[in-house]
Each structure stands twice: as structure tokens, then as C-alpha cells.
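Participant: Handing you this structure, nothing more for now.
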Amino acid sequence: MYSSGLRRSCPAAYHRPMDRTAIDELYRFTDYSWREYEELIRPLGDELLTRPAPGSGWPALRDALTHTNWAYVRWLADPNATTDEPVETVQTWDELDAYRKQLRDDFRASVDALDDEALVVVREMNVDGATMRYSRVDIFVHVLLHERQHHGDLNTLLYQHGIEVPIVEYRFSLPDRGV
């Protein structure tokens with residue numbers, strides 16, 4: 001939703017259907033980006049996860065990190081509707097990692113259970129009480145991009161704690177393509 005309360009949509013001329021290859025590529029990228037944050041945050045200790053970050057929209061790093069993972073629950077727990085299941089509360093990186101692993105395994109199983117045709121069939125879905133039309137691939141890609149959209153939040157929280165932020169760009173997740 002935008003501040004006007006209206007949902008903006010992309011004109012059909014600009015819409016290109018996503019496919020399994022796109023899902024797989026975004027899945028790999030989100031694994032890469034998670035590892036980058038993990039390599040930075042985990043060695044600094046679990047206390048950093050729960051340390052308040054004054055002035056942030058998130059109480060602490062763990063809240064932003066669990067929220068990005070909770071999107072897998074919100075959008076995928078029920079293929080026909082979003083859910084209001086609560087966000088997991090974690091205190092340690094190990095708990096956060098286990099939460100993420102379970103959600104990502106469920107995500108992968110959901111994708112793998114569908115053939116290419118079933119991925120792109122547009123169907124009705126209850127999104128917070130409103131009927132919307134999305135394909136399964138639209139929702140899978142949405143969840144993966146949702147995670148990417150919160151990297152700025154994570155970087156802001158790290159900056160507020162005086163920690164140099166990682167550079168998490170798609171091109172760095174690619175194999176070395178030097179000549």
C-alpha cells in the first residue's frame with residue numbers, strides 16, 4: 001500500500017512472468033545475502049541481536065531479521081490466504097538460524113511440489129481480507145524480494161550500532177566472471 005491507500009499496479013505491457021529459474025536465482029541470492037549478514041553479526045555475539053537500536057523503526061536487529069523470515073510464514077503457510085501467525089521470538093543466532101532453515105526448507109518444498117504450469121496459474125487469494133489474483137510464482141518471488149527490501153533496515157541498524165555494513169549486491173553473489 002502507498003500512503004494514498006491505493007494499490008499501484010504495473011501496466012500489463014511491463015509485466016513479464018517470472019518462472020522457476022527466476023525463483024532459483026533469487027533463492028540463491030537471498031542465501032548469499034543471509035550468509036553475508038551472518039558472517040558479520042554472528043561473531044559479534046547474541047547480545048547484539050537484542051540490543052536496542054534507538055531511533056530505529058525496529059527495536060533490535062533480531063526483530064528485523066525475524067520479520068524478513070516471517071514473510072515466508074505470512075505468505076506461504078496457507079496457499080489461499082495470508083496468515084496472521086505471530087512472528088517467532090528469538091534470543092540467539094542459533095534460534096534465528098533454525099527458524100530460517102525450517103522456513104526456507106518449507107519454501108523449497110512448496111516450490112518443488114509444483115510443476116511449471118502450476119507455478120504460473122493465476123488464482124484468487126485472500127490477502128488480509130481482500131481477494132487478489134496472483135500466481136504461486138508471483139507469491140514466491142514476492143517473498144524473496146521482501147527479504148531483499150529489508151537489507152536497508154539491517155544496514156541502518158548495524159550503522160546505529162557503529163558496525164560497518166556489508167556490501168550485499170547481486171553481482172557479488174555471481175560466480176567470478178573476470179576475463
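Following the order of the C-alpha cells, first chain is A, next is B, and so on, with residues numbered from 1 inside each chain and ligands from 1 in the order they appear.
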Hey, could you make a per-residue contact list for stretch 33-63 of chain A against stretch 164-167 of chain A with 12 Å as the cut-off, showing the nearest pair of atoms and its distance in Å to one decimal, counting only C-alpha atoms, sorted by chain and number, as JSON lines?

Facilitator:
{"residue": "A:Ser33", "atom": "CA", "partner": "A:Ile167", "partner_atom": "CA", "distance": 9.0}
{"residue": "A:Trp34", "atom": "CA", "partner": "A:Pro166", "partner_atom": "CA", "distance": 10.8}
{"residue": "A:Arg35", "atom": "CA", "partner": "A:Pro166", "partner_atom": "CA", "distance": 10.5}
{"residue": "A:Glu36", "atom": "CA", "partner": "A:Pro166", "partner_atom": "CA", "distance": 6.8}
{"residue": "A:Tyr37", "atom": "CA", "partner": "A:Pro166", "partner_atom": "CA", "distance": 7.0}
{"residue": "A:Glu38", "atom": "CA", "partner": "A:Pro166", "partner_atom": "CA", "distance": 10.2}
{"residue": "A:Glu39", "atom": "CA", "partner": "A:Pro166", "partner_atom": "CA", "distance": 9.5}
{"residue": "A:Leu40", "atom": "CA", "partner": "A:Pro166", "partner_atom": "CA", "distance": 7.5}
{"residue": "A:Ile41", "atom": "CA", "partner": "A:Val165", "partner_atom": "CA", "distance": 9.9}

Participant: Would you mind exporting the chosen residues as a PDB file, in the first residue's frame, restricted to C-alpha atoms?

Facilitator:
ATOM      1  CA  SER A  33      22.957 -12.173   1.394  1.00  0.00           C
ATOM      2  CA  TRP A  34      21.958 -14.042   4.582  1.00  0.00           C
ATOM      3  CA  ARG A  35      25.472 -15.516   4.783  1.00  0.00           C
ATOM      4  CA  GLU A  36      26.978 -12.046   4.422  1.00  0.00           C
ATOM      5  CA  TYR A  37      24.925 -10.745   7.355  1.00  0.00           C
ATOM      6  CA  GLU A  38      25.578 -13.900   9.370  1.00  0.00           C
ATOM      7  CA  GLU A  39      29.350 -13.672   8.861  1.00  0.00           C
ATOM      8  CA  LEU A  40      29.245 -10.116  10.167  1.00  0.00           C
ATOM      9  CA  ILE A  41      26.719 -10.408  13.006  1.00  0.00           C
TER      10      ILE A  41
END

Participant: What's the 6 Å shell around A:Ala60, counting only C-alpha atoms, without same-chain residues fewer than 3 positions away, as a list in words?

Facilitator: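 So the residues in contact are Thr50, Arg51, Pro52, Ala53 and Asp63 of chain A.
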
Participant: Enumerate, in order of chain and increasing residue number, the residues of stretch 15-100 of chain A with an atom no farther than 9 Å from stretch 115-122 of chain A, each with its shortest atom pair and distance in Å to one decimal, counting only C-alpha atoms, as JSON lines.

Facilitator:
{"residue": "A:Pro17", "atom": "CA", "partner": "A:Val120", "partner_atom": "CA", "distance": 7.7}
{"residue": "A:Met18", "atom": "CA", "partner": "A:Val120", "partner_atom": "CA", "distance": 8.0}
{"residue": "A:Asp19", "atom": "CA", "partner": "A:Val120", "partner_atom": "CA", "distance": 7.5}
{"residue": "A:Arg20", "atom": "CA", "partner": "A:Asp116", "partner_atom": "CA", "distance": 7.0}

Participant: With C-alpha atoms retained, export the selected residues as a PDB file, in the first residue's frame.

Facilitator:
ATOM      1  CA  PRO A  17       6.025 -13.605 -15.908  1.00  0.00           C
ATOM      2  CA  MET A  18       8.596 -14.971 -13.515  1.00  0.00           C
ATOM      3  CA  ASP A  19       9.497 -18.639 -13.678  1.00  0.00           C
ATOM      4  CA  ARG A  20      11.290 -21.377 -11.768  1.00  0.00           C
TER       5      ARG A  20
END

Participant: Among stretch 114-157 of chain A, which residues carry a DSSP assignment of helix (DSSP H, G or I), reported as a ChimeraX atom specification?

Facilitator: /A:116-120,136-149,151-157

Participant: Could the residues in this selection be saved with C-alpha atoms as a short mmCIF file (atom, residue, chain, number, x, y, z; two decimals), in the first residue's frame?

Facilitator:
data_model
loop_
_atom_site.label_atom_id
_atom_site.label_comp_id
_atom_site.auth_asym_id
_atom_site.auth_seq_id
_atom_site.Cartn_x
_atom_site.Cartn_y
_atom_site.Cartn_z
CA ASP A 116 6.00 -25.32 -14.14
CA GLU A 117 2.39 -25.00 -15.28
CA ALA A 118 1.03 -24.93 -11.71
CA LEU A 119 3.54 -22.22 -10.78
CA VAL A 120 2.10 -19.71 -13.23
CA ARG A 136 2.16 -19.08 -6.97
CA VAL A 137 5.31 -17.85 -8.70
CA ASP A 138 4.23 -14.23 -8.01
CA ILE A 139 4.00 -15.01 -4.30
CA PHE A 140 7.28 -16.95 -4.18
CA VAL A 141 9.11 -14.08 -5.87
CA HIS A 142 7.36 -11.55 -3.62
CA VAL A 143 8.60 -13.36 -0.50
CA LEU A 144 12.19 -13.47 -1.78
CA LEU A 145 12.16 -9.81 -2.81
CA HIS A 146 10.61 -8.87 0.54
CA GLU A 147 13.75 -10.18 2.21
CA ARG A 148 15.92 -8.08 -0.11
CA GLN A 149 13.86 -4.98 0.59
CA HIS A 151 18.53 -5.04 3.74
CA GLY A 152 18.40 -1.27 4.16
CA ASP A 153 16.81 -1.74 7.58
CA LEU A 154 19.54 -4.16 8.59
CA ASN A 155 22.22 -1.78 7.35
CA THR A 156 20.68 1.10 9.29
CA LEU A 157 20.54 -0.97 12.48
#

Participant: Just list the residues in chain A DSSP gives strand (DSSP E) on the backbone, as a list in words.

Facilitator: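 Those residues are Val122, Arg123, Glu124, Met125, Asn126, Val127, Ala130, Thr131, Met132, Arg133, Tyr134 and Ser135 of chain A.
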
Participant: Produce a file of the selected residues containing C-alpha atoms, as a compact mmCIF listing (two decimals), in the first residue's frame.

Facilitator:
# COMPACT_ATOMS: atom_id res chain seq x y z
CA VAL A 122 -3.28 -17.16 -11.67
CA ARG A 123 -5.74 -17.82 -8.88
CA GLU A 124 -7.65 -15.94 -6.22
CA MET A 125 -6.01 -15.41 -2.87
CA ASN A 126 -7.31 -13.78 0.29
CA VAL A 127 -4.81 -11.06 1.20
CA ALA A 130 -9.26 -8.68 0.09
CA THR A 131 -9.46 -11.05 -2.85
CA MET A 132 -6.42 -10.65 -5.10
CA ARG A 133 -5.29 -12.62 -8.14
CA TYR A 134 -1.74 -13.98 -8.04
CA SER A 135 0.10 -16.98 -9.34
